>>> print(open('final_37.cif').read())   # mmCIF, C-alpha atoms
data_input
#
loop_
_atom_site.label_atom_id
_atom_site.label_comp_id
_atom_site.auth_asym_id
_atom_site.auth_seq_id
_atom_site.Cartn_x
_atom_site.Cartn_y
_atom_site.Cartn_z
CA MET A 10 0.52 8.57 -24.13
CA ARG A 11 3.84 6.75 -24.32
CA TYR A 12 4.62 3.81 -22.05
CA GLU A 13 8.30 3.07 -21.42
CA ARG A 14 9.86 0.34 -19.34
CA PRO A 15 13.56 1.20 -19.01
CA GLU A 16 15.99 -1.30 -17.52
CA THR A 17 18.38 1.18 -15.91
CA LEU A 18 17.92 4.16 -13.63
CA MET A 19 19.98 6.26 -16.01
CA ASP A 20 17.55 5.56 -18.85
CA ALA A 21 14.58 6.24 -16.58
CA THR A 22 15.87 9.60 -15.38
CA ALA A 23 16.87 10.58 -18.93
CA LEU A 24 13.36 9.82 -20.20
CA LEU A 25 11.80 11.91 -17.43
CA ALA A 26 14.28 14.77 -17.81
CA GLU A 27 13.54 15.11 -21.52
CA ALA A 28 9.77 14.74 -21.19
CA SER A 29 7.00 17.31 -20.91
CA GLU A 30 5.46 18.26 -17.57
CA ASN A 31 2.93 15.45 -18.00
CA ALA A 32 5.39 12.62 -17.32
CA PHE A 33 4.87 10.18 -14.48
CA VAL A 34 6.69 7.35 -12.75
CA LEU A 35 4.72 4.09 -12.53
CA ALA A 36 5.52 1.69 -9.69
CA GLY A 37 2.34 0.19 -8.16
CA GLY A 38 0.00 2.45 -10.10
CA THR A 39 -2.63 2.58 -7.35
CA ASP A 40 -2.66 6.38 -7.40
CA LEU A 41 -1.56 7.00 -11.01
CA LEU A 42 -4.09 4.70 -12.68
CA VAL A 43 -6.91 6.20 -10.61
CA ARG A 44 -5.85 9.67 -11.78
CA MET A 45 -5.65 8.45 -15.37
CA GLN A 46 -9.38 7.64 -15.25
CA SER A 47 -10.15 11.31 -14.74
CA ASP A 48 -11.06 13.37 -17.82
CA ASP A 49 -8.98 16.35 -16.75
CA PHE A 50 -5.80 14.32 -16.28
CA LYS A 51 -3.36 13.94 -19.13
CA ALA A 52 -0.23 11.81 -19.21
CA ASP A 53 2.17 12.13 -22.15
CA LEU A 54 4.67 9.65 -20.75
CA VAL A 55 4.53 6.91 -18.14
CA VAL A 56 7.85 5.40 -17.05
CA ASP A 57 7.39 1.96 -15.49
CA ILE A 58 10.35 1.42 -13.13
CA LYS A 59 9.63 -2.22 -12.29
CA SER A 60 12.13 -3.66 -14.78
CA ILE A 61 15.06 -1.78 -13.21
CA ALA A 62 17.31 -4.16 -11.25
CA GLY A 63 16.88 -3.97 -7.47
CA MET A 64 13.69 -1.89 -7.54
CA GLY A 65 11.55 -4.83 -6.43
CA GLU A 66 13.73 -5.94 -3.53
CA VAL A 67 14.23 -5.26 0.16
CA THR A 68 17.97 -5.43 0.87
CA GLU A 69 19.33 -5.77 4.38
CA THR A 70 22.77 -4.21 4.85
CA GLU A 71 24.85 -4.00 8.01
CA ASP A 72 23.22 -0.78 9.14
CA ALA A 73 19.99 -0.41 7.16
CA PHE A 74 17.05 -1.89 5.29
CA VAL A 75 16.89 -0.60 1.74
CA ILE A 76 13.37 -0.82 0.28
CA GLY A 77 13.38 -0.61 -3.51
CA ALA A 78 10.88 1.87 -4.96
CA ALA A 79 8.79 -0.87 -6.59
CA VAL A 80 8.43 -3.18 -3.56
CA PRO A 81 4.71 -3.67 -2.89
CA CYS A 82 3.61 -2.93 0.67
CA ALA A 83 2.37 -6.53 1.06
CA ALA A 84 5.99 -7.68 0.66
CA LEU A 85 7.06 -5.51 3.62
CA GLY A 86 4.71 -7.43 5.91
CA GLU A 87 6.22 -10.69 4.65
CA HIS A 88 9.78 -9.56 5.47
CA GLU A 89 10.41 -10.93 8.95
CA ALA A 90 13.55 -8.98 9.83
CA LEU A 91 12.05 -5.69 8.66
CA THR A 92 8.80 -6.34 10.53
CA ALA A 93 10.75 -7.15 13.71
CA ALA A 94 12.92 -4.04 13.36
CA TRP A 95 10.25 -1.48 12.34
CA PRO A 96 6.80 -2.88 13.21
CA GLY A 97 5.24 0.60 13.14
CA VAL A 98 6.46 1.35 9.63
CA VAL A 99 5.22 -2.03 8.39
CA GLU A 100 1.83 -1.57 10.12
CA ALA A 101 1.45 1.84 8.52
CA ALA A 102 2.37 0.53 5.06
CA ASN A 103 -0.07 -2.35 5.49
CA LEU A 104 -2.96 0.01 6.32
CA ILE A 105 -2.98 1.50 2.82
CA GLY A 106 -6.05 0.47 0.81
CA SER A 107 -7.27 -3.09 0.34
CA THR A 108 -5.51 -6.44 -0.11
CA GLN A 109 -5.64 -5.73 -3.85
CA VAL A 110 -4.01 -2.33 -3.37
CA GLN A 111 -1.45 -3.80 -0.95
CA GLY A 112 -0.24 -6.15 -3.67
CA ARG A 113 0.77 -3.17 -5.81
CA CYS A 114 1.18 0.02 -3.76
CA THR A 115 4.64 1.12 -2.58
CA VAL A 116 5.93 3.33 0.22
CA SER A 117 7.91 5.38 -2.31
CA GLY A 118 4.69 5.97 -4.24
CA ASN A 119 2.84 6.86 -1.03
CA LEU A 120 5.56 9.45 -0.39
CA CYS A 121 5.68 10.87 -3.93
CA ASN A 122 1.88 11.08 -4.23
CA ALA A 123 2.30 13.62 -1.41
CA SER A 124 -1.13 13.23 0.13
CA PRO A 125 -1.11 14.86 3.59
CA ALA A 126 -2.97 11.74 4.80
CA ALA A 127 -0.44 9.18 3.47
CA ASP A 128 -0.26 6.44 6.11
CA SER A 129 3.32 5.27 5.70
CA VAL A 130 4.87 8.74 5.74
CA PRO A 131 4.50 9.72 9.44
CA ALA A 132 5.85 6.28 10.41
CA LEU A 133 8.84 6.73 8.08
CA VAL A 134 9.49 10.23 9.43
CA ALA A 135 9.30 8.95 13.01
CA ALA A 136 11.81 6.23 12.01
CA ASN A 137 14.11 8.94 10.58
CA ALA A 138 14.05 7.25 7.17
CA LYS A 139 15.90 8.63 4.19
CA VAL A 140 15.39 8.24 0.48
CA ARG A 141 17.97 7.71 -2.24
CA ILE A 142 17.10 9.80 -5.25
CA ALA A 143 18.41 9.18 -8.75
CA GLY A 144 18.48 12.10 -11.16
CA PRO A 145 20.12 13.20 -14.38
CA GLY A 146 23.01 14.60 -12.34
CA GLY A 147 23.62 11.47 -10.26
CA THR A 148 22.23 10.28 -6.95
CA ARG A 149 21.59 12.08 -3.68
CA GLU A 150 20.02 11.30 -0.34
CA ALA A 151 17.34 13.26 1.47
CA ALA A 152 15.22 12.87 4.58
CA VAL A 153 11.70 11.53 3.99
CA LEU A 154 10.49 14.59 5.91
CA ASP A 155 11.86 16.88 3.17
CA ILE A 156 10.18 15.17 0.19
CA PRO A 157 6.54 16.34 0.45
CA THR A 158 6.18 20.12 0.28
CA GLY A 159 2.37 20.35 0.20
CA PRO A 160 -0.66 18.44 -1.06
CA GLY A 161 0.42 16.67 -4.27
CA LYS A 162 3.77 18.52 -4.34
CA THR A 163 7.30 17.23 -3.70
CA SER A 164 10.80 18.63 -3.61
CA LEU A 165 11.93 16.25 -6.38
CA ALA A 166 13.39 18.07 -9.39
CA LYS A 167 12.47 17.26 -12.98
CA GLY A 168 13.97 13.92 -13.95
CA GLU A 169 14.46 12.77 -10.37
CA ILE A 170 13.09 9.42 -9.15
CA ILE A 171 13.10 7.90 -5.69
CA GLU A 172 15.24 4.80 -6.00
CA SER A 173 14.77 3.44 -2.49
CA VAL A 174 13.69 4.20 1.05
CA ILE A 175 16.43 3.61 3.59
CA LEU A 176 15.48 2.65 7.13
CA PRO A 177 18.38 2.65 9.58
CA LYS A 178 18.75 -0.48 11.72
CA PRO A 179 17.15 0.38 15.06
CA THR A 180 19.41 0.59 18.08
CA ALA A 181 18.95 -1.79 21.00
CA ARG A 182 15.84 -1.24 23.14
CA SER A 183 13.99 0.85 20.62
CA GLY A 184 10.49 0.57 19.21
CA ASP A 185 8.01 2.31 16.93
CA ALA A 186 4.28 2.41 16.31
CA TYR A 187 1.77 4.07 13.97
CA LEU A 188 -1.92 4.65 14.60
CA ARG A 189 -4.56 6.39 12.54
CA PHE A 190 -8.16 7.35 12.99
CA THR A 191 -10.59 6.38 10.24
CA PRO A 192 -14.39 6.04 10.35
CA ARG A 193 -14.10 2.57 8.76
CA THR A 194 -11.47 0.05 9.87
CA GLU A 195 -10.27 -0.76 6.34
CA MET A 196 -10.25 0.97 2.95
CA ASP A 197 -10.32 4.46 4.38
CA ILE A 198 -8.17 7.58 4.47
CA ALA A 199 -6.61 8.79 7.71
CA VAL A 200 -8.43 11.64 9.45
CA VAL A 201 -5.35 11.83 11.69
CA GLY A 202 -2.23 9.62 11.72
CA ALA A 203 0.51 9.50 14.38
CA GLY A 204 3.89 7.77 14.25
CA VAL A 205 6.24 7.50 17.23
CA SER A 206 9.70 5.99 17.46
CA LEU A 207 11.74 5.92 20.65
CA SER A 208 14.74 4.26 22.28
CA LEU A 209 15.35 3.50 25.93
CA ASP A 210 18.39 3.28 28.18
CA ASP A 211 19.04 0.25 30.39
CA ASP A 212 16.76 1.66 33.09
CA GLY A 213 13.78 2.03 30.76
CA VAL A 214 14.13 5.81 30.49
CA VAL A 215 13.48 7.31 27.04
CA LYS A 216 16.82 8.40 25.54
CA SER A 217 15.55 9.71 22.24
CA ALA A 218 12.21 10.03 20.49
CA ARG A 219 10.66 11.18 17.23
CA VAL A 220 6.98 12.02 16.85
CA ALA A 221 5.33 12.65 13.47
CA LEU A 222 1.74 13.49 12.53
CA GLY A 223 -0.15 13.10 9.26
CA ALA A 224 -3.41 14.58 7.92
CA VAL A 225 -3.28 17.54 10.31
CA GLY A 226 -1.47 19.95 7.99
CA PRO A 227 -0.53 20.37 4.33
CA LYS A 228 2.31 17.88 4.80
CA VAL A 229 3.62 15.43 7.37
CA MET A 230 4.95 17.22 10.47
CA LEU A 231 7.66 16.37 12.95
CA VAL A 232 6.53 17.43 16.44
CA GLU A 233 9.78 18.18 18.23
CA ASP A 234 8.08 19.54 21.36
CA GLY A 235 6.22 16.25 21.64
CA ALA A 236 9.42 14.21 21.37
CA ARG A 237 11.15 16.41 23.98
CA ALA A 238 8.27 15.77 26.38
CA LEU A 239 9.11 12.05 26.30
CA VAL A 240 12.90 12.18 26.68
CA GLY A 241 14.07 11.50 30.22
CA THR A 242 10.76 9.91 31.24
CA ARG A 243 9.28 6.44 31.53
CA LEU A 244 6.10 7.73 29.86
CA GLU A 245 4.50 8.72 33.13
CA ASP A 246 1.11 10.48 32.85
CA ALA A 247 2.68 13.93 32.97
CA ALA A 248 4.96 13.10 30.01
CA LEU A 249 2.09 11.64 28.00
CA ASN A 250 -0.11 14.65 28.76
CA ALA A 251 2.68 16.96 27.62
CA LEU A 252 3.10 14.90 24.44
CA ALA A 253 -0.64 15.04 23.70
CA ALA A 254 -0.75 18.79 24.36
CA ALA A 255 2.24 19.39 22.06
CA CYS A 256 0.65 17.33 19.28
CA SER A 257 -2.71 19.08 19.59
CA ALA A 258 -1.04 22.48 19.65
CA GLY A 259 1.29 21.63 16.76
CA SER A 260 -1.52 20.40 14.50
CA ASN A 261 -2.73 22.71 11.79
CA PRO A 262 -5.63 20.78 10.25
CA ILE A 263 -8.50 21.78 8.00
CA ASP A 264 -12.23 21.32 8.51
CA ASP A 265 -13.70 18.86 6.06
CA LYS A 266 -16.39 16.21 5.85
CA ARG A 267 -14.17 13.68 7.61
CA GLY A 268 -13.30 15.76 10.65
CA THR A 269 -13.35 19.23 12.15
CA VAL A 270 -10.28 21.20 13.19
CA GLU A 271 -11.18 20.79 16.87
CA PHE A 272 -11.69 17.02 16.52
CA ARG A 273 -8.49 16.48 14.57
CA LYS A 274 -6.41 18.43 17.07
CA GLN A 275 -7.74 16.39 19.96
CA VAL A 276 -7.34 13.07 18.13
CA ALA A 277 -3.74 13.95 17.20
CA GLY A 278 -2.91 14.08 20.91
CA VAL A 279 -4.82 10.91 21.73
CA LEU A 280 -3.20 8.88 18.94
CA ALA A 281 0.31 10.16 19.69
CA ARG A 282 -0.12 9.15 23.32
CA ARG A 283 -1.30 5.64 22.40
CA ALA A 284 1.38 5.20 19.73
CA ALA A 285 4.04 6.27 22.24
CA GLN A 286 2.81 3.67 24.73
CA THR A 287 2.94 0.91 22.12
CA ALA A 288 6.40 2.00 20.95
CA TYR A 289 7.58 2.05 24.57
CA THR A 290 6.27 -1.48 25.21
CA ARG A 291 7.94 -2.72 22.04
CA ALA A 292 11.23 -1.05 22.96
CA GLY A 293 11.17 -2.71 26.37
CA GLU A 294 10.69 -6.13 24.80
CA LYS A 295 13.84 -5.92 22.69
CA MET B 3 -0.87 6.04 -30.17
CA THR B 4 1.36 3.13 -31.04
CA SER B 5 0.17 -0.27 -29.93
CA ILE B 6 2.33 -2.29 -27.58
CA ALA B 7 2.94 -6.02 -28.13
CA VAL B 8 2.68 -7.99 -24.89
CA SER B 9 3.56 -11.63 -24.16
CA THR B 10 2.17 -13.03 -20.97
CA THR B 11 0.77 -16.15 -19.34
CA ILE B 12 -2.94 -16.26 -18.53
CA ASN B 13 -4.44 -19.31 -16.81
CA ASP B 14 -1.38 -21.39 -17.80
CA ASP B 15 -1.67 -20.44 -21.49
CA ASP B 16 0.91 -18.36 -23.34
CA VAL B 17 -0.95 -15.33 -24.63
CA GLU B 18 0.12 -12.51 -26.92
CA PHE B 19 -1.88 -9.35 -27.48
CA LEU B 20 -1.57 -5.79 -28.73
CA CYS B 21 -2.86 -2.97 -26.55
CA GLN B 22 -2.80 0.80 -26.26
CA PRO B 23 -0.29 2.25 -23.77
CA ASP B 24 -3.05 3.61 -21.53
CA GLU B 25 -5.30 0.55 -21.73
CA THR B 26 -5.92 -1.30 -18.46
CA LEU B 27 -5.42 -5.02 -18.01
CA LEU B 28 -9.15 -5.24 -17.26
CA ASP B 29 -10.01 -3.76 -20.66
CA VAL B 30 -7.51 -6.08 -22.35
CA LEU B 31 -9.02 -9.14 -20.66
CA ARG B 32 -12.58 -8.18 -21.50
CA ASN B 33 -12.34 -6.41 -24.84
CA ARG B 34 -9.38 -8.07 -26.53
CA LEU B 35 -9.16 -11.55 -25.04
CA GLY B 36 -12.85 -12.32 -24.49
CA LEU B 37 -12.30 -13.09 -20.82
CA MET B 38 -15.43 -11.43 -19.48
CA GLY B 39 -15.32 -12.85 -15.95
CA ALA B 40 -13.54 -9.90 -14.36
CA LYS B 41 -16.09 -7.08 -14.02
CA GLU B 42 -15.72 -3.33 -14.07
CA GLY B 43 -17.48 -1.94 -11.03
CA CYS B 44 -15.81 1.34 -10.14
CA GLY B 45 -12.71 1.42 -12.35
CA THR B 46 -10.75 3.03 -9.53
CA GLY B 47 -9.71 0.13 -7.29
CA ASP B 48 -12.43 0.55 -4.69
CA CYS B 49 -14.81 -2.37 -5.36
CA GLY B 50 -12.67 -5.41 -6.22
CA ALA B 51 -15.03 -6.69 -8.97
CA CYS B 52 -12.08 -6.86 -11.39
CA SER B 53 -9.81 -8.83 -8.99
CA THR B 54 -7.31 -11.08 -10.75
CA ILE B 55 -4.13 -12.71 -9.50
CA MET B 56 -0.82 -11.46 -10.92
CA ASP B 57 2.37 -13.28 -9.94
CA GLY B 58 0.55 -14.75 -6.94
CA ARG B 59 -0.86 -11.47 -5.60
CA VAL B 60 -4.48 -10.44 -5.96
CA VAL B 61 -4.74 -7.07 -7.72
CA CYS B 62 -7.44 -4.87 -9.20
CA SER B 63 -6.98 -5.36 -12.94
CA CYS B 64 -8.45 -1.88 -13.47
CA LEU B 65 -5.34 -0.51 -11.75
CA VAL B 66 -2.87 -2.44 -13.92
CA LEU B 67 -1.89 -1.40 -17.43
CA GLY B 68 -2.16 -4.11 -20.06
CA ALA B 69 1.47 -3.39 -20.94
CA GLU B 70 2.51 -4.30 -17.39
CA ALA B 71 1.40 -7.90 -17.98
CA GLN B 72 4.55 -8.49 -20.05
CA GLY B 73 6.31 -11.56 -18.68
CA ARG B 74 3.88 -11.92 -15.79
CA THR B 75 1.63 -14.79 -14.76
CA ILE B 76 -2.04 -13.88 -14.61
CA GLU B 77 -4.87 -15.96 -13.14
CA THR B 78 -8.47 -15.04 -13.87
CA ILE B 79 -11.81 -16.53 -12.86
CA GLU B 80 -11.93 -18.41 -16.18
CA GLY B 81 -9.06 -20.60 -14.96
CA LEU B 82 -10.45 -21.34 -11.51
CA ALA B 83 -12.48 -24.45 -12.37
CA ASN B 84 -10.66 -27.54 -13.60
CA GLY B 85 -12.58 -28.20 -16.80
CA SER B 86 -16.15 -28.89 -15.73
CA GLU B 87 -15.09 -29.56 -12.15
CA LEU B 88 -15.71 -26.48 -10.01
CA HIS B 89 -13.11 -25.21 -7.57
CA PRO B 90 -14.17 -25.83 -3.93
CA LEU B 91 -14.70 -22.07 -3.52
CA GLN B 92 -17.14 -22.06 -6.44
CA SER B 93 -19.01 -25.12 -5.11
CA LYS B 94 -19.27 -23.65 -1.63
CA PHE B 95 -20.46 -20.27 -2.92
CA ILE B 96 -23.33 -22.12 -4.64
CA GLU B 97 -24.02 -24.38 -1.66
CA HIS B 98 -24.10 -21.46 0.80
CA ALA B 99 -26.04 -19.14 -1.54
CA ALA B 100 -23.17 -16.67 -1.32
CA LEU B 101 -24.27 -14.76 -4.40
CA GLN B 102 -27.35 -13.06 -5.76
CA CYS B 103 -26.73 -10.84 -8.79
CA GLY B 104 -23.22 -12.26 -9.24
CA ILE B 105 -21.38 -9.13 -10.39
CA CYS B 106 -19.02 -9.16 -7.43
CA THR B 107 -18.62 -12.95 -7.38
CA PRO B 108 -15.63 -13.46 -9.71
CA GLY B 109 -13.71 -10.85 -7.73
CA PHE B 110 -14.60 -12.44 -4.40
CA LEU B 111 -13.59 -15.87 -5.69
CA MET B 112 -10.20 -14.71 -6.95
CA ALA B 113 -9.49 -12.72 -3.78
CA ALA B 114 -10.53 -15.69 -1.65
CA LYS B 115 -8.35 -18.03 -3.74
CA ALA B 116 -5.34 -15.77 -3.16
CA LEU B 117 -6.08 -15.88 0.58
CA LEU B 118 -6.39 -19.67 0.76
CA ASP B 119 -3.25 -20.12 -1.38
CA LYS B 120 -1.37 -18.13 1.25
CA ASN B 121 -3.24 -19.15 4.38
CA PRO B 122 -5.20 -22.45 4.22
CA ASP B 123 -6.76 -21.92 7.65
CA PRO B 124 -7.75 -18.26 8.06
CA THR B 125 -9.86 -17.03 10.96
CA GLU B 126 -13.16 -15.30 10.28
CA GLU B 127 -11.48 -12.00 11.13
CA GLU B 128 -8.66 -12.66 8.68
CA ILE B 129 -11.18 -13.48 5.95
CA ARG B 130 -13.16 -10.32 6.61
CA TYR B 131 -10.07 -8.07 6.55
CA TRP B 132 -8.68 -9.80 3.45
CA LEU B 133 -11.96 -9.30 1.57
CA ALA B 134 -12.49 -5.69 2.73
CA GLY B 135 -11.62 -4.49 -0.78
CA ASN B 136 -14.40 -6.55 -2.37
CA LEU B 137 -17.80 -4.91 -2.20
CA CYS B 138 -21.10 -6.78 -2.41
CA ARG B 139 -24.31 -4.73 -2.49
CA CYS B 140 -26.94 -7.47 -2.43
CA THR B 141 -25.93 -10.73 -0.73
CA GLY B 142 -24.26 -9.29 2.33
CA TYR B 143 -21.00 -10.63 3.59
CA ASP B 144 -21.95 -13.37 6.08
CA LYS B 145 -22.80 -16.00 3.47
CA ILE B 146 -19.64 -15.18 1.55
CA VAL B 147 -17.50 -15.56 4.67
CA ARG B 148 -19.23 -18.87 5.52
CA ALA B 149 -18.60 -20.15 1.99
CA VAL B 150 -14.90 -19.26 2.18
CA GLN B 151 -14.64 -21.00 5.57
CA ALA B 152 -16.36 -24.11 4.19
CA ALA B 153 -14.11 -24.17 1.12
CA ALA B 154 -11.02 -23.81 3.32
CA THR B 155 -12.18 -26.73 5.47
CA GLU B 156 -12.77 -28.90 2.40
CA MET B 157 -9.44 -27.94 0.84
CA ARG B 158 -7.61 -28.89 4.03
CA GLY B 159 -9.21 -32.34 3.71
CA GLU B 160 -11.26 -31.96 6.88
CA SER B 161 -14.97 -32.64 7.13
CA ALA B 162 -17.18 -29.67 7.97
#
>>> encode(input="final_37.cif", output="structure tokens")
Amino acid sequence: MRYERPETLMDATALLAEASENAFVLAGGTDLLVRMQSDDFKADLVVDIKSIAGMGEVTETEDAFVIGAAVPCAALGEHEALTAAWPGVVEAANLIGSTQVQGRCTVSGNLCNASPAADSVPALVAANAKVRIAGPGGTREAAVLDIPTGPGKTSLAKGEIIESVILPKPTARSGDAYLRFTPRTEMDIAVVGAGVSLSLDDDGVVKSARVALGAVGPKVMLVEDGARALVGTRLEDAALNALAAACSAGSNPIDDKRGTVEFRKQVAGVLARRAAQTAYTRAGEK
Amino acid sequence: MTSIAVSTTINDDDVEFLCQPDETLLDVLRNRLGLMGAKEGCGTGDCGACSTIMDGRVVCSCLVLGAEAQGRTIETIEGLANGSELHPLQSKFIEHAALQCGICTPGFLMAAKALLDKNPDPTEEEIRYWLAGNLCRCTGYDKIVRAVQAAATEMRGESA
């Protein structure tokens, strides 16, 4: 195995573009190093992106927060403006693994690892986050929703790296939340995860909403029927029931040791309802 | 594989070592530098026995490549005591009998140090969540939590 630590994105993408199929980006390493322990995993090249300028920083621009691909999740929780703007995204990122994992793991890595149960991804999708992608042919932007394509698979082309996650600045009177179900409160993998983001008009009526679910299908899903059930309401019982029904119906989970199909579908509705209520309360407080 | 030359700072000392590209920081500490305090429990970041502090954040050294230590500041259990004077966390672990077999202890101490460096007055709940990535299979967690609370009290200069 070769270990490279390029100082520019251009060098990093060139290394990956020229490499074999067994080339990997290293940011926090909390997934990659675990895989490297396995006998049937082979890495020919590991490209550590932490020496590239800007990768380790959260930058606040006029209309967005730009989270460099090597920013550890613990640093997101320490960023006051980001935590105030997107508490649900920060909560989700801070649910990943242990304190030790938090000090290393990144939201870009959580996204690229493409686990259906990734905690930060439904929250990012609900927040309508984008990613900036650097590749041999230049840079492009894509929606977070479009990056995972299935378990362990992404839409990134050979040589492409996520450079940053871009969270738009929330509009006035908007809020978000993320909830997951796990048997243990810490150090566990989501059986179901639900992220909700919504914004209100001056009368407290939901103007727009996004609802995303994790761990109930091969990739994160945006539940548009669920979001539509909230728009035009003040989250009365009928709206919340419609949201829960849409989330249960839209879920396409598997049976495994951590939860049955029937259980996951029900919990998807329950968590979406609770996340929507928290997001609504937060939106009203801004 | 070609060895990589790494310059780093460990427990305030400048250290240089050669390692393989796929060698973990834990293996470097134990096998190349003779720092045997960090333990390998699981090797996959689940147990916290290999906890060390890198640039002020507690990490599992089994999930860090040795090559990543370049230019970083590493703290290990070997640097926790000041000469023969134990750190308050170490004294309180002994006083409260917060260890039995001791395999998990260096990891707990380094994780607890990182907590108290950041938050000198954590609640019991904050301590328990912070240490959720450190597993102990014989002492149980209550004595460990009490020891961390007692050390925090002493370090704040208050009497228990």
>>> residues_near_point(input="final_37.cif", point="(5.9, 11.2, -20.0)", cutoff="12 Å", atoms="only C-alpha atoms", output="PyMOL selection string")
(chain A and resi 10-14+21-35+51-57+167-168) or (chain B and resi 23-24)
>>> write_last_selection(input="final_37.cif", atoms="C-alpha atoms", output="compact mmCIF listing (two decimals), in the coordinates of the input")
# COMPACT_ATOMS: atom_id res chain seq x y z
CA MET A 10 0.52 8.57 -24.13
CA ARG A 11 3.84 6.75 -24.32
CA TYR A 12 4.62 3.81 -22.05
CA GLU A 13 8.30 3.07 -21.42
CA ARG A 14 9.86 0.34 -19.34
CA ALA A 21 14.58 6.24 -16.58
CA THR A 22 15.87 9.60 -15.38
CA ALA A 23 16.87 10.58 -18.93
CA LEU A 24 13.36 9.82 -20.20
CA LEU A 25 11.80 11.91 -17.43
CA ALA A 26 14.28 14.77 -17.81
CA GLU A 27 13.54 15.11 -21.52
CA ALA A 28 9.77 14.74 -21.19
CA SER A 29 7.00 17.31 -20.91
CA GLU A 30 5.46 18.26 -17.57
CA ASN A 31 2.93 15.45 -18.00
CA ALA A 32 5.39 12.62 -17.32
CA PHE A 33 4.87 10.18 -14.48
CA VAL A 34 6.69 7.35 -12.75
CA LEU A 35 4.72 4.09 -12.53
CA LYS A 51 -3.36 13.94 -19.13
CA ALA A 52 -0.23 11.81 -19.21
CA ASP A 53 2.17 12.13 -22.15
CA LEU A 54 4.67 9.65 -20.75
CA VAL A 55 4.53 6.91 -18.14
CA VAL A 56 7.85 5.40 -17.05
CA ASP A 57 7.39 1.96 -15.49
CA LYS A 167 12.47 17.26 -12.98
CA GLY A 168 13.97 13.92 -13.95
CA PRO B 23 -0.29 2.25 -23.77
CA ASP B 24 -3.05 3.61 -21.53
>>> interface_residues(input="final_37.cif", of="chain A", to="chain B", cutoff="12 Å", atoms="only C-alpha atoms", output="VMD selection string")
chain A and resid 10 to 14 35 to 47 51 to 60 81 to 84 87 103 to 114 193 to 197
>>> resolve_selection(input="final_37.cif", expression="the PyMOL selection byres ((chain B and resi 40-42) around 8)", output="number ranges by chain")
B: 28, 31-32, 37-39, 43-45, 51-54, 64, 78-79, 105-106, 108-109
>>> atom_distance(input="final_37.cif", atom1="atom CA of B:Glu25", atom2="atom CA of B:Gly68")
5.9 Å
>>> atom_distance(input="final_37.cif", atom1="atom CA of B:Gly73", atom2="atom CA of B:Thr11")
7.2 Å
>>> resolve_selection(input="final_37.cif", expression="the PyMOL selection byres ((chain B and resi 141) around 6)", output="list in words")
Leu101, Gln102, Cys140 and Gly142 of chain B
>>> resolve_selection(input="final_37.cif", expression="the PyMOL selection byres ((chain A and resi 97) around 12)", output="VMD selection string")
chain A and resid 85 to 86 91 to 96 98 to 104 128 to 136 183 to 189 202 to 207 284 to 285 287 to 289 291 to 292
>>> write_last_selection(input="final_37.cif", atoms="C-alpha atoms", output="short mmCIF file (atom, residue, chain, number, x, y, z; two decimals), in the coordinates of the input")
data_model
loop_
_atom_site.label_atom_id
_atom_site.label_comp_id
_atom_site.auth_asym_id
_atom_site.auth_seq_id
_atom_site.Cartn_x
_atom_site.Cartn_y
_atom_site.Cartn_z
CA LEU A 85 7.06 -5.51 3.62
CA GLY A 86 4.71 -7.43 5.91
CA LEU A 91 12.05 -5.69 8.66
CA THR A 92 8.80 -6.34 10.53
CA ALA A 93 10.75 -7.15 13.71
CA ALA A 94 12.92 -4.04 13.36
CA TRP A 95 10.25 -1.48 12.34
CA PRO A 96 6.80 -2.88 13.21
CA VAL A 98 6.46 1.35 9.63
CA VAL A 99 5.22 -2.03 8.39
CA GLU A 100 1.83 -1.57 10.12
CA ALA A 101 1.45 1.84 8.52
CA ALA A 102 2.37 0.53 5.06
CA ASN A 103 -0.07 -2.35 5.49
CA LEU A 104 -2.96 0.01 6.32
CA ASP A 128 -0.26 6.44 6.11
CA SER A 129 3.32 5.27 5.70
CA VAL A 130 4.87 8.74 5.74
CA PRO A 131 4.50 9.72 9.44
CA ALA A 132 5.85 6.28 10.41
CA LEU A 133 8.84 6.73 8.08
CA VAL A 134 9.49 10.23 9.43
CA ALA A 135 9.30 8.95 13.01
CA ALA A 136 11.81 6.23 12.01
CA SER A 183 13.99 0.85 20.62
CA GLY A 184 10.49 0.57 19.21
CA ASP A 185 8.01 2.31 16.93
CA ALA A 186 4.28 2.41 16.31
CA TYR A 187 1.77 4.07 13.97
CA LEU A 188 -1.92 4.65 14.60
CA ARG A 189 -4.56 6.39 12.54
CA GLY A 202 -2.23 9.62 11.72
CA ALA A 203 0.51 9.50 14.38
CA GLY A 204 3.89 7.77 14.25
CA VAL A 205 6.24 7.50 17.23
CA SER A 206 9.70 5.99 17.46
CA LEU A 207 11.74 5.92 20.65
CA ALA A 284 1.38 5.20 19.73
CA ALA A 285 4.04 6.27 22.24
CA THR A 287 2.94 0.91 22.12
CA ALA A 288 6.40 2.00 20.95
CA TYR A 289 7.58 2.05 24.57
CA ARG A 291 7.94 -2.72 22.04
CA ALA A 292 11.23 -1.05 22.96
#
>>> atom_distance(input="final_37.cif", atom1="atom CA of A:Ala238", atom2="atom CA of A:Leu280")
15.3 Å
>>> residues_around(input="final_37.cif", residues="A:Val201", least_positions_apart="3", cutoff="12 Å", atoms="only C-alpha atoms", output="VMD selection string")
chain A and resid 125 to 128 131 187 to 192 197 to 198 204 221 to 226 228 to 230 256 to 257 260 to 263 267 to 281
>>> residues_around(input="final_37.cif", residues="A:Thr158", least_positions_apart="3", cutoff="10 Å", atoms="only C-alpha atoms", output="ChimeraX atom specification")
/A:123,125,154-155,161-165,227-229
